[in-house]
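The file structure_6.cif contains mmCIF, C-alpha atoms; chains and numbers go by the auth columns:
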```cif
data_protein
#
loop_
_atom_site.group_PDB
_atom_site.id
_atom_site.type_symbol
_atom_site.label_atom_id
_atom_site.label_comp_id
_atom_site.label_asym_id
_atom_site.label_seq_id
_atom_site.Cartn_x
_atom_site.Cartn_y
_atom_site.Cartn_z
_atom_site.B_iso_or_equiv
_atom_site.auth_seq_id
_atom_site.auth_asym_id
ATOM 1 C CA GLU A 1 107.323 33.301 80.756 0.00 225 C
ATOM 2 C CA PRO A 2 108.526 35.502 77.891 0.00 226 C
ATOM 3 C CA GLU A 3 110.379 38.639 78.866 0.00 227 C
ATOM 4 C CA VAL A 4 112.051 41.681 77.413 0.00 228 C
ATOM 5 C CA THR A 5 115.821 41.219 77.399 0.00 229 C
ATOM 6 C CA GLN A 6 118.256 44.116 77.560 0.00 230 C
ATOM 7 C CA THR A 7 122.001 44.163 77.037 0.00 231 C
ATOM 8 C CA PRO A 8 124.367 45.102 78.453 0.00 232 C
ATOM 9 C CA SER A 9 123.181 45.224 82.056 0.00 233 C
ATOM 10 C CA HIS A 10 125.787 47.876 82.834 0.00 234 C
ATOM 11 C CA GLN A 11 127.720 50.138 80.483 0.00 235 C
ATOM 12 C CA VAL A 12 130.436 52.567 81.485 0.00 236 C
ATOM 13 C CA THR A 13 131.459 55.059 78.848 0.00 237 C
ATOM 14 C CA GLN A 14 133.511 58.216 78.580 0.00 238 C
ATOM 15 C CA MET A 15 131.818 61.515 77.959 0.00 239 C
ATOM 16 C CA GLY A 16 131.501 62.201 74.244 0.00 240 C
ATOM 17 C CA GLN A 17 131.497 58.536 73.264 0.00 241 C
ATOM 18 C CA GLU A 18 128.679 56.819 71.411 0.00 242 C
ATOM 19 C CA VAL A 19 126.736 54.033 73.097 0.00 243 C
ATOM 20 C CA ILE A 20 124.204 51.571 71.781 0.00 244 C
ATOM 21 C CA LEU A 21 121.761 49.918 74.142 0.00 245 C
ATOM 22 C CA ARG A 22 120.061 46.773 72.923 0.00 246 C
ATOM 23 C CA CYS A 23 116.686 45.220 73.571 0.00 247 C
ATOM 24 C CA VAL A 24 115.126 41.954 72.431 0.00 248 C
ATOM 25 C CA PRO A 25 111.350 42.400 72.564 0.00 249 C
ATOM 26 C CA ILE A 26 108.879 39.708 73.479 0.00 250 C
ATOM 27 C CA SER A 27 108.012 37.764 70.352 0.00 251 C
ATOM 28 C CA ASN A 28 104.958 39.101 68.438 0.00 252 C
ATOM 29 C CA HIS A 29 105.053 42.452 70.218 0.00 253 C
ATOM 30 C CA LEU A 30 104.606 45.378 67.870 0.00 254 C
ATOM 31 C CA TYR A 31 105.003 48.424 70.098 0.00 255 C
ATOM 32 C CA PHE A 32 108.387 49.416 71.452 0.00 256 C
ATOM 33 C CA TYR A 33 109.444 52.069 73.928 0.00 257 C
ATOM 34 C CA TRP A 34 112.460 53.450 75.703 0.00 258 C
ATOM 35 C CA TYR A 35 112.235 54.996 79.148 0.00 259 C
ATOM 36 C CA ARG A 36 114.942 56.196 81.473 0.00 260 C
ATOM 37 C CA GLN A 37 115.236 56.600 85.212 0.00 261 C
ATOM 38 C CA ILE A 38 117.881 58.855 86.698 0.00 262 C
ATOM 39 C CA LEU A 39 118.919 57.615 90.149 0.00 263 C
ATOM 40 C CA GLY A 40 116.335 58.636 92.719 0.00 264 C
ATOM 41 C CA GLN A 41 113.989 60.123 90.146 0.00 265 C
ATOM 42 C CA LYS A 42 110.896 58.948 88.342 0.00 266 C
ATOM 43 C CA VAL A 43 110.717 56.848 85.208 0.00 267 C
ATOM 44 C CA GLU A 44 110.559 59.141 82.160 0.00 268 C
ATOM 45 C CA PHE A 45 109.327 58.432 78.658 0.00 269 C
ATOM 46 C CA LEU A 46 111.838 58.859 75.844 0.00 270 C
ATOM 47 C CA VAL A 47 110.336 57.451 72.655 0.00 271 C
ATOM 48 C CA SER A 48 107.770 55.078 71.187 0.00 272 C
ATOM 49 C CA PHE A 49 108.296 53.105 67.989 0.00 273 C
ATOM 50 C CA TYR A 50 105.759 51.313 65.850 0.00 274 C
ATOM 51 C CA ASN A 51 105.751 50.037 62.265 0.00 275 C
ATOM 52 C CA ASN A 52 109.427 50.907 61.902 0.00 276 C
ATOM 53 C CA GLU A 53 109.088 54.547 62.750 0.00 277 C
ATOM 54 C CA ILE A 54 109.014 56.837 65.753 0.00 278 C
ATOM 55 C CA SER A 55 105.422 57.508 66.793 0.00 279 C
ATOM 56 C CA GLU A 56 106.074 59.821 69.713 0.00 280 C
ATOM 57 C CA LYS A 57 109.087 61.284 71.487 0.00 281 C
ATOM 58 C CA SER A 58 109.720 63.456 74.507 0.00 282 C
ATOM 59 C CA GLU A 59 111.740 66.645 74.842 0.00 283 C
ATOM 60 C CA ILE A 60 114.551 64.541 76.284 0.00 284 C
ATOM 61 C CA PHE A 61 114.872 62.628 73.016 0.00 285 C
ATOM 62 C CA ASP A 62 116.898 65.214 71.091 0.00 286 C
ATOM 63 C CA ASP A 63 119.189 64.860 68.078 0.00 287 C
ATOM 64 C CA GLN A 64 121.731 62.943 70.156 0.00 288 C
ATOM 65 C CA PHE A 65 119.316 60.015 70.447 0.00 289 C
ATOM 66 C CA SER A 66 118.128 57.598 67.792 0.00 290 C
ATOM 67 C CA VAL A 67 116.311 54.278 67.682 0.00 291 C
ATOM 68 C CA GLU A 68 116.037 51.506 65.154 0.00 292 C
ATOM 69 C CA ARG A 69 115.253 47.839 64.592 0.00 293 C
ATOM 70 C CA PRO A 70 118.247 46.934 62.439 0.00 294 C
ATOM 71 C CA ASP A 71 117.378 43.284 61.898 0.00 295 C
ATOM 72 C CA GLY A 72 113.663 43.156 62.618 0.00 296 C
ATOM 73 C CA SER A 73 114.171 41.668 66.056 0.00 297 C
ATOM 74 C CA ASN A 74 116.534 43.773 68.165 0.00 298 C
ATOM 75 C CA PHE A 75 115.449 47.267 69.125 0.00 299 C
ATOM 76 C CA THR A 76 118.294 49.670 69.828 0.00 300 C
ATOM 77 C CA LEU A 77 118.772 53.066 71.420 0.00 301 C
ATOM 78 C CA LYS A 78 121.841 55.004 70.331 0.00 302 C
ATOM 79 C CA ILE A 79 123.271 58.015 72.098 0.00 303 C
ATOM 80 C CA ARG A 80 125.738 59.696 69.763 0.00 304 C
ATOM 81 C CA SER A 81 127.808 61.813 72.123 0.00 305 C
ATOM 82 C CA THR A 82 127.135 60.964 75.732 0.00 306 C
ATOM 83 C CA LYS A 83 126.988 63.607 78.441 0.00 307 C
ATOM 84 C CA LEU A 84 127.366 63.184 82.179 0.00 308 C
ATOM 85 C CA GLU A 85 123.638 63.839 82.598 0.00 309 C
ATOM 86 C CA ASP A 86 122.831 60.839 80.398 0.00 310 C
ATOM 87 C CA SER A 87 123.838 58.581 83.296 0.00 311 C
ATOM 88 C CA ALA A 88 120.681 56.666 84.191 0.00 312 C
ATOM 89 C CA MET A 89 118.889 53.330 83.974 0.00 313 C
ATOM 90 C CA TYR A 90 117.473 52.860 80.504 0.00 314 C
ATOM 91 C CA PHE A 91 114.455 50.595 80.185 0.00 315 C
ATOM 92 C CA CYS A 92 113.089 49.067 77.042 0.00 316 C
ATOM 93 C CA ALA A 93 109.381 48.202 77.078 0.00 317 C
ATOM 94 C CA THR A 94 107.267 46.371 74.520 0.00 318 C
ATOM 95 C CA GLY A 95 103.608 45.486 74.021 0.00 319 C
ATOM 96 C CA ARG A 96 101.313 43.568 71.677 0.00 320 C
ATOM 97 C CA GLU A 97 98.903 46.447 71.752 0.00 321 C
ATOM 98 C CA ASN A 98 99.404 50.110 72.529 0.00 322 C
ATOM 99 C CA THR A 99 97.632 49.641 75.852 0.00 323 C
ATOM 100 C CA GLU A 100 100.338 47.566 77.521 0.00 324 C
ATOM 101 C CA ALA A 101 104.025 47.873 78.285 0.00 325 C
ATOM 102 C CA PHE A 102 106.251 45.145 79.660 0.00 326 C
ATOM 103 C CA PHE A 103 109.607 46.377 80.841 0.00 327 C
ATOM 104 C CA GLY A 104 113.018 44.804 80.615 0.00 328 C
ATOM 105 C CA GLN A 105 115.479 44.748 83.504 0.00 329 C
ATOM 106 C CA GLY A 106 117.260 47.828 82.259 0.00 330 C
ATOM 107 C CA THR A 107 120.754 48.929 81.277 0.00 331 C
ATOM 108 C CA ARG A 108 122.602 51.041 83.779 0.00 332 C
ATOM 109 C CA LEU A 109 124.558 53.652 81.839 0.00 333 C
ATOM 110 C CA THR A 110 127.362 55.445 83.626 0.00 334 C
ATOM 111 C CA VAL A 111 129.042 58.313 81.806 0.00 335 C
ATOM 112 C CA VAL A 112 132.401 59.359 83.266 0.00 336 C
ATOM 113 C CA GLN B 1 101.547 71.276 90.017 0.00 224 F
ATOM 114 C CA LYS B 2 103.183 67.989 89.079 0.00 225 F
ATOM 115 C CA GLU B 3 101.304 65.866 86.577 0.00 226 F
ATOM 116 C CA VAL B 4 101.378 62.798 88.848 0.00 227 F
ATOM 117 C CA GLU B 5 102.121 62.973 92.567 0.00 228 F
ATOM 118 C CA GLN B 6 103.011 60.101 94.819 0.00 229 F
ATOM 119 C CA ASP B 7 104.306 60.050 98.387 0.00 230 F
ATOM 120 C CA PRO B 8 107.842 58.623 98.249 0.00 231 F
ATOM 121 C CA GLY B 9 107.586 56.989 101.682 0.00 232 F
ATOM 122 C CA PRO B 10 109.066 54.800 102.972 0.00 233 F
ATOM 123 C CA LEU B 11 105.917 53.155 104.237 0.00 234 F
ATOM 124 C CA SER B 12 106.723 50.554 106.906 0.00 235 F
ATOM 125 C CA VAL B 13 104.135 47.947 107.895 0.00 236 F
ATOM 126 C CA PRO B 14 104.174 44.604 109.716 0.00 237 F
ATOM 127 C CA GLU B 15 103.569 41.389 107.829 0.00 238 F
ATOM 128 C CA GLY B 16 99.864 40.726 107.316 0.00 239 F
ATOM 129 C CA ALA B 17 98.850 44.394 107.305 0.00 240 F
ATOM 130 C CA ILE B 18 96.654 45.973 104.658 0.00 241 F
ATOM 131 C CA VAL B 19 98.643 48.469 102.643 0.00 242 F
ATOM 132 C CA SER B 20 97.183 51.494 100.899 0.00 243 F
ATOM 133 C CA LEU B 21 99.220 53.266 98.209 0.00 244 F
ATOM 134 C CA ASN B 22 97.942 56.353 96.458 0.00 245 F
ATOM 135 C CA CYS B 23 98.538 58.764 93.613 0.00 246 F
ATOM 136 C CA THR B 24 96.932 62.015 92.597 0.00 247 F
ATOM 137 C CA TYR B 25 97.087 63.530 89.155 0.00 248 F
ATOM 138 C CA SER B 26 96.239 66.792 87.481 0.00 249 F
ATOM 139 C CA ASN B 27 95.395 65.842 83.884 0.00 250 F
ATOM 140 C CA SER B 28 91.718 64.870 83.714 0.00 251 F
ATOM 141 C CA ALA B 29 92.307 63.368 80.250 0.00 252 F
ATOM 142 C CA PHE B 30 94.167 60.374 81.664 0.00 253 F
ATOM 143 C CA GLN B 31 92.132 57.231 81.014 0.00 254 F
ATOM 144 C CA TYR B 32 94.447 54.278 81.648 0.00 255 F
ATOM 145 C CA PHE B 33 95.926 53.689 85.068 0.00 256 F
ATOM 146 C CA MET B 34 98.599 51.197 85.995 0.00 257 F
ATOM 147 C CA TRP B 35 100.495 50.080 89.039 0.00 258 F
ATOM 148 C CA TYR B 36 104.010 48.745 88.667 0.00 259 F
ATOM 149 C CA ARG B 37 106.247 47.126 91.263 0.00 260 F
ATOM 150 C CA GLN B 38 109.962 47.788 91.063 0.00 261 F
ATOM 151 C CA TYR B 39 112.593 45.964 93.048 0.00 262 F
ATOM 152 C CA SER B 40 115.915 47.671 93.573 0.00 263 F
ATOM 153 C CA ARG B 41 117.873 48.069 90.320 0.00 264 F
ATOM 154 C CA LYS B 42 115.265 46.080 88.360 0.00 265 F
ATOM 155 C CA GLY B 43 112.721 46.991 85.736 0.00 266 F
ATOM 156 C CA PRO B 44 109.118 47.917 86.581 0.00 267 F
ATOM 157 C CA GLU B 45 106.789 44.920 86.695 0.00 268 F
ATOM 158 C CA LEU B 46 103.151 45.473 85.744 0.00 269 F
ATOM 159 C CA LEU B 47 100.807 44.586 88.611 0.00 270 F
ATOM 160 C CA MET B 48 97.443 46.080 87.800 0.00 271 F
ATOM 161 C CA TYR B 49 95.835 47.867 84.895 0.00 272 F
ATOM 162 C CA THR B 50 92.550 49.792 84.996 0.00 273 F
ATOM 163 C CA TYR B 51 90.661 51.666 82.341 0.00 274 F
ATOM 164 C CA SER B 52 88.706 54.730 83.470 0.00 275 F
ATOM 165 C CA SER B 53 86.999 54.632 86.865 0.00 276 F
ATOM 166 C CA GLY B 54 86.169 51.727 89.110 0.00 277 F
ATOM 167 C CA ASN B 55 87.761 48.873 90.988 0.00 278 F
ATOM 168 C CA LYS B 56 89.774 45.902 89.850 0.00 279 F
ATOM 169 C CA GLU B 57 90.861 42.986 91.979 0.00 280 F
ATOM 170 C CA ASP B 58 93.607 40.438 91.367 0.00 281 F
ATOM 171 C CA GLY B 59 94.477 38.130 94.224 0.00 282 F
ATOM 172 C CA ARG B 60 95.725 40.207 97.143 0.00 283 F
ATOM 173 C CA PHE B 61 95.762 43.399 95.064 0.00 284 F
ATOM 174 C CA THR B 62 92.906 45.837 94.461 0.00 285 F
ATOM 175 C CA ALA B 63 93.202 48.925 92.276 0.00 286 F
ATOM 176 C CA GLN B 64 90.747 51.792 92.568 0.00 287 F
ATOM 177 C CA VAL B 65 90.323 54.792 90.314 0.00 288 F
ATOM 178 C CA ASP B 66 88.291 57.861 91.255 0.00 289 F
ATOM 179 C CA LYS B 67 88.414 60.135 88.241 0.00 290 F
ATOM 180 C CA SER B 68 86.203 62.770 89.841 0.00 291 F
ATOM 181 C CA SER B 69 88.864 63.276 92.524 0.00 292 F
ATOM 182 C CA LYS B 70 91.805 62.473 90.218 0.00 293 F
ATOM 183 C CA TYR B 71 92.923 59.891 92.744 0.00 294 F
ATOM 184 C CA ILE B 72 94.010 56.285 92.343 0.00 295 F
ATOM 185 C CA SER B 73 94.829 53.677 94.950 0.00 296 F
ATOM 186 C CA LEU B 74 96.403 50.268 95.233 0.00 297 F
ATOM 187 C CA PHE B 75 95.504 48.079 98.200 0.00 298 F
ATOM 188 C CA ILE B 76 97.575 45.076 99.199 0.00 299 F
ATOM 189 C CA ARG B 77 95.955 42.612 101.579 0.00 300 F
ATOM 190 C CA ASP B 78 97.887 40.247 103.837 0.00 301 F
ATOM 191 C CA SER B 79 101.153 41.971 102.982 0.00 302 F
ATOM 192 C CA GLN B 80 104.286 39.822 102.832 0.00 303 F
ATOM 193 C CA PRO B 81 107.983 40.684 103.222 0.00 304 F
ATOM 194 C CA SER B 82 108.343 39.831 99.530 0.00 305 F
ATOM 195 C CA ASP B 83 106.030 42.768 98.787 0.00 306 F
ATOM 196 C CA SER B 84 108.803 45.107 99.929 0.00 307 F
ATOM 197 C CA ALA B 85 109.581 47.153 96.840 0.00 308 F
ATOM 198 C CA THR B 86 108.866 50.510 95.255 0.00 309 F
ATOM 199 C CA TYR B 87 105.368 50.855 93.814 0.00 310 F
ATOM 200 C CA LEU B 88 104.954 53.131 90.836 0.00 311 F
ATOM 201 C CA CYS B 89 101.694 54.488 89.565 0.00 312 F
ATOM 202 C CA ALA B 90 101.540 55.320 85.876 0.00 313 F
ATOM 203 C CA MET B 91 98.884 56.674 83.595 0.00 314 F
ATOM 204 C CA ARG B 92 98.258 57.593 80.009 0.00 315 F
ATOM 205 C CA LEU B 93 95.791 59.250 77.694 0.00 316 F
ATOM 206 C CA ASN B 94 93.204 57.406 75.641 0.00 317 F
ATOM 207 C CA THR B 95 94.746 58.464 72.353 0.00 318 F
ATOM 208 C CA GLY B 96 97.974 57.828 70.574 0.00 319 F
ATOM 209 C CA PHE B 97 100.680 55.503 71.677 0.00 320 F
ATOM 210 C CA GLN B 98 101.475 54.517 75.160 0.00 321 F
ATOM 211 C CA LYS B 99 103.446 57.375 76.627 0.00 322 F
ATOM 212 C CA LEU B 100 103.197 56.503 80.294 0.00 323 F
ATOM 213 C CA VAL B 101 103.500 59.245 82.879 0.00 324 F
ATOM 214 C CA PHE B 102 104.890 57.868 86.119 0.00 325 F
ATOM 215 C CA GLY B 103 104.758 58.949 89.712 0.00 326 F
ATOM 216 C CA THR B 104 107.981 59.016 91.690 0.00 327 F
ATOM 217 C CA GLY B 105 107.106 55.754 93.450 0.00 328 F
ATOM 218 C CA THR B 106 106.367 54.805 97.057 0.00 329 F
ATOM 219 C CA ARG B 107 108.869 52.600 98.829 0.00 330 F
ATOM 220 C CA LEU B 108 107.128 49.896 100.866 0.00 331 F
ATOM 221 C CA LEU B 109 108.832 47.925 103.631 0.00 332 F
ATOM 222 C CA VAL B 110 107.009 44.909 105.074 0.00 333 F
ATOM 223 C CA SER B 111 108.667 43.550 108.189 0.00 334 F
ATOM 224 C CA PRO B 112 108.312 39.893 109.284 0.00 335 F
#
```
Show this structure as structure tokens.
Amino acid sequence: EPEVTQTPSHQVTQMGQEVILRCVPISNHLYFYWYRQILGQKVEFLVSFYNNEISEKSEIFDDQFSVERPDGSNFTLKIRSTKLEDSAMYFCATGRENTEAFFGQGTRLTVV
Amino acid sequence: QKEVEQDPGPLSVPEGAIVSLNCTYSNSAFQYFMWYRQYSRKGPELLMYTYSSGNKEDGRFTAQVDKSSKYISLFIRDSQPSDSATYLCAMRLNTGFQKLVFGTGTRLLVSP
């Protein structure tokens, strides 16, 4: 069964460093999303991406965050200068249509 | 008032019991309602998907939506220890891209 693949599974980074989280969507999916889940809290929407541009973003997704599909397959989330409060599980989700979202297993980001 | 409310549990039941999980919400514009299952440190897995009001059944799972009461439910029949997980409700508007709004999740424990 096809699945959304995320790498790395766990990333530890120092405060102020840049991190890039990677996602390989399910083939033929056109809609891409990033969500995050701080430990013990609910899953929160960050950004949606369609037709090579951001279609919607939350207040969390400030200038420190960016997304792109650099090679037409991978979908990446970049955090330019990480803060302690960026520590969370980051989930990529994709869908064929805008009515579905299949989640990857997540990247656990720890900022120290 | 939170946009989506969900009792965090834990909800402990014996194997074979019927489980009822619920969410309430405040935004009457929500039209799509989902239930996800999340195992510890894993990504959310889509279980059920309902548009507007009504019931939907899939195997041992039944999803109900009562838009007049802003209340959704997930029933699990003949619960199994493998059903032990956190169950997340999520919902979205009928317009735009799929920004899902999640509840905090209910932790379910099914004992053998």
Selection in question (the file shown): the PyMOL selection byres ((chain F) within 10 of (chain C)). Which residues does it include, as JSON, numbers by chain? {"F": [255, 257, 259, 261, 264, 265, 266, 267, 268, 269, 272, 274, 311, 313, 315, 316, 317, 318, 319, 320, 321, 322, 323, 324, 325, 326, 327, 328]}
Once the PyMOL selection byres ((chain F and resi 329) around 6) has been applied to the shown file, what residues remain in the selection, as number ranges by chain? F: 230-232, 309-310, 328, 330
Contacts of region 237-282 of chain F with region 298-305 of chain F up to 6 Å, shortest pair per row, only C-alpha atoms, as CSV:
```
residue,atom,partner,partner_atom,distance
F:Glu238,CA,F:Gln303,CA,5.3
F:Gly239,CA,F:Asp301,CA,4.0
F:Ala240,CA,F:Ser302,CA,5.5
F:Ile241,CA,F:Arg300,CA,4.6
F:Val242,CA,F:Ile299,CA,5.0
F:Ser243,CA,F:Phe298,CA,4.7
```
Quick one: everything within 7 Å of Val291 (chain C), counting all atoms listed in the file, minus sequence neighbours fewer than 3 positions away in the same chain. Send it as a PyMOL selection string. chain C and resi 300-302
Take CA of Thr306 (chain C) and CA of Gln288 (chain C) and report the distance between them in Å, one decimal.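 It comes out at 8.0 Å.
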Please expand the PyMOL selection byres ((chain F and resi 295) around 6) into the concrete residues it hits in this file, giving the result as a PyMOL selection string. chain F and resi 245-246+287-288+294+296
Excluding Trp258 (chain F) and any residue of its chain fewer than 2 positions from it, enumerate the residues within 6 Å of it, using only C-alpha atoms, and give them as a short mmCIF file (atom, residue, chain, number, x, y, z; two decimals) with C-alpha atoms, in the coordinates of the input.
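Writing done, so here's out05.cif:
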```cif
data_model
loop_
_atom_site.label_atom_id
_atom_site.label_comp_id
_atom_site.auth_asym_id
_atom_site.auth_seq_id
_atom_site.Cartn_x
_atom_site.Cartn_y
_atom_site.Cartn_z
CA LEU F 270 100.81 44.59 88.61
CA MET F 271 97.44 46.08 87.80
CA LEU F 311 104.95 53.13 90.84
CA CYS F 312 101.69 54.49 89.56
#
```
Once you add 4 Å to each side, what are the centre and edge lengths of the axis-aligned box holding all listed atoms of region 288-302 of chain C? One decimal in Å, as lines of an AutoDock Vina configuration file, if you can.
```
center_x = 117.8
center_y = 52.3
center_z = 66.7
size_x = 16.2
size_y = 29.3
size_z = 17.5
```
Work out how far CA of Met314 (chain F) is from CA of Phe256 (chain F), in Å to one decimal.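 Atom-to-atom, CA of Phe256 (chain F) and CA of Met314 (chain F) are spaced 4.5 Å apart.
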Counting all atoms listed in the file, figure out which residue out of F:Lys279, F:Thr247, F:Lys225, F:Arg260 gets nearest to Leu331 (chain F).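 Smallest distance to Leu331 (chain F) is found for F:Arg260.
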Report as a list of chain:residue names all protein, DNA and RNA residues lying within 9 Å of Lys290 (chain F), evaluated on all atoms listed in the file, omitting residues in the same chain fewer than 6 positions from it.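 Counting all atoms listed in the file, the residues come to F:Ser251, F:Phe253, F:Gln254, F:Ser275, F:Ser276, F:Gly277.
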Selected residues written out with C-alpha atoms, as a CSV table (one decimal), in the frame of the given file:
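Produced file again_19.csv, reproduced below:
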```csv
chain,number,residue,atom,x,y,z
F,251,SER,CA,91.7,64.9,83.7
F,253,PHE,CA,94.2,60.4,81.7
F,254,GLN,CA,92.1,57.2,81.0
F,275,SER,CA,88.7,54.7,83.5
F,276,SER,CA,87.0,54.6,86.9
F,277,GLY,CA,86.2,51.7,89.1
```
Residues near Glu242 (chain C), cut-off 6 Å, all atoms listed in the file, skip fewer than 6 positions along chain, as a PyMOL selection string: chain C and resi 303-305
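Note that the spacing between CA of Glu309 (chain C) and CA of Ile284 (chain C) amounts to 11.1 Å.
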Shell around region 248-250 of chain C at 6 Å using only C-alpha atoms, local window under 6 positions removed, as a list in words: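 In the requested form, the answer reads Glu227, Val228, Thr229 and Asn298 of chain C.
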Have a look at C:Ser290, C:Asn276, C:Gln238, C:Ser251 and name the one nearest to Pro226 (chain C); count only C-alpha atoms.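 Under the stated criterion, the closest residue is C:Ser251.
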For each of C:Arg260, C:Glu292, C:Val236, C:Thr231, take the minimum atom-to-atom distance to Ile278 (chain C), counting only C-alpha atoms, then give the residue where this is smallest. C:Glu292
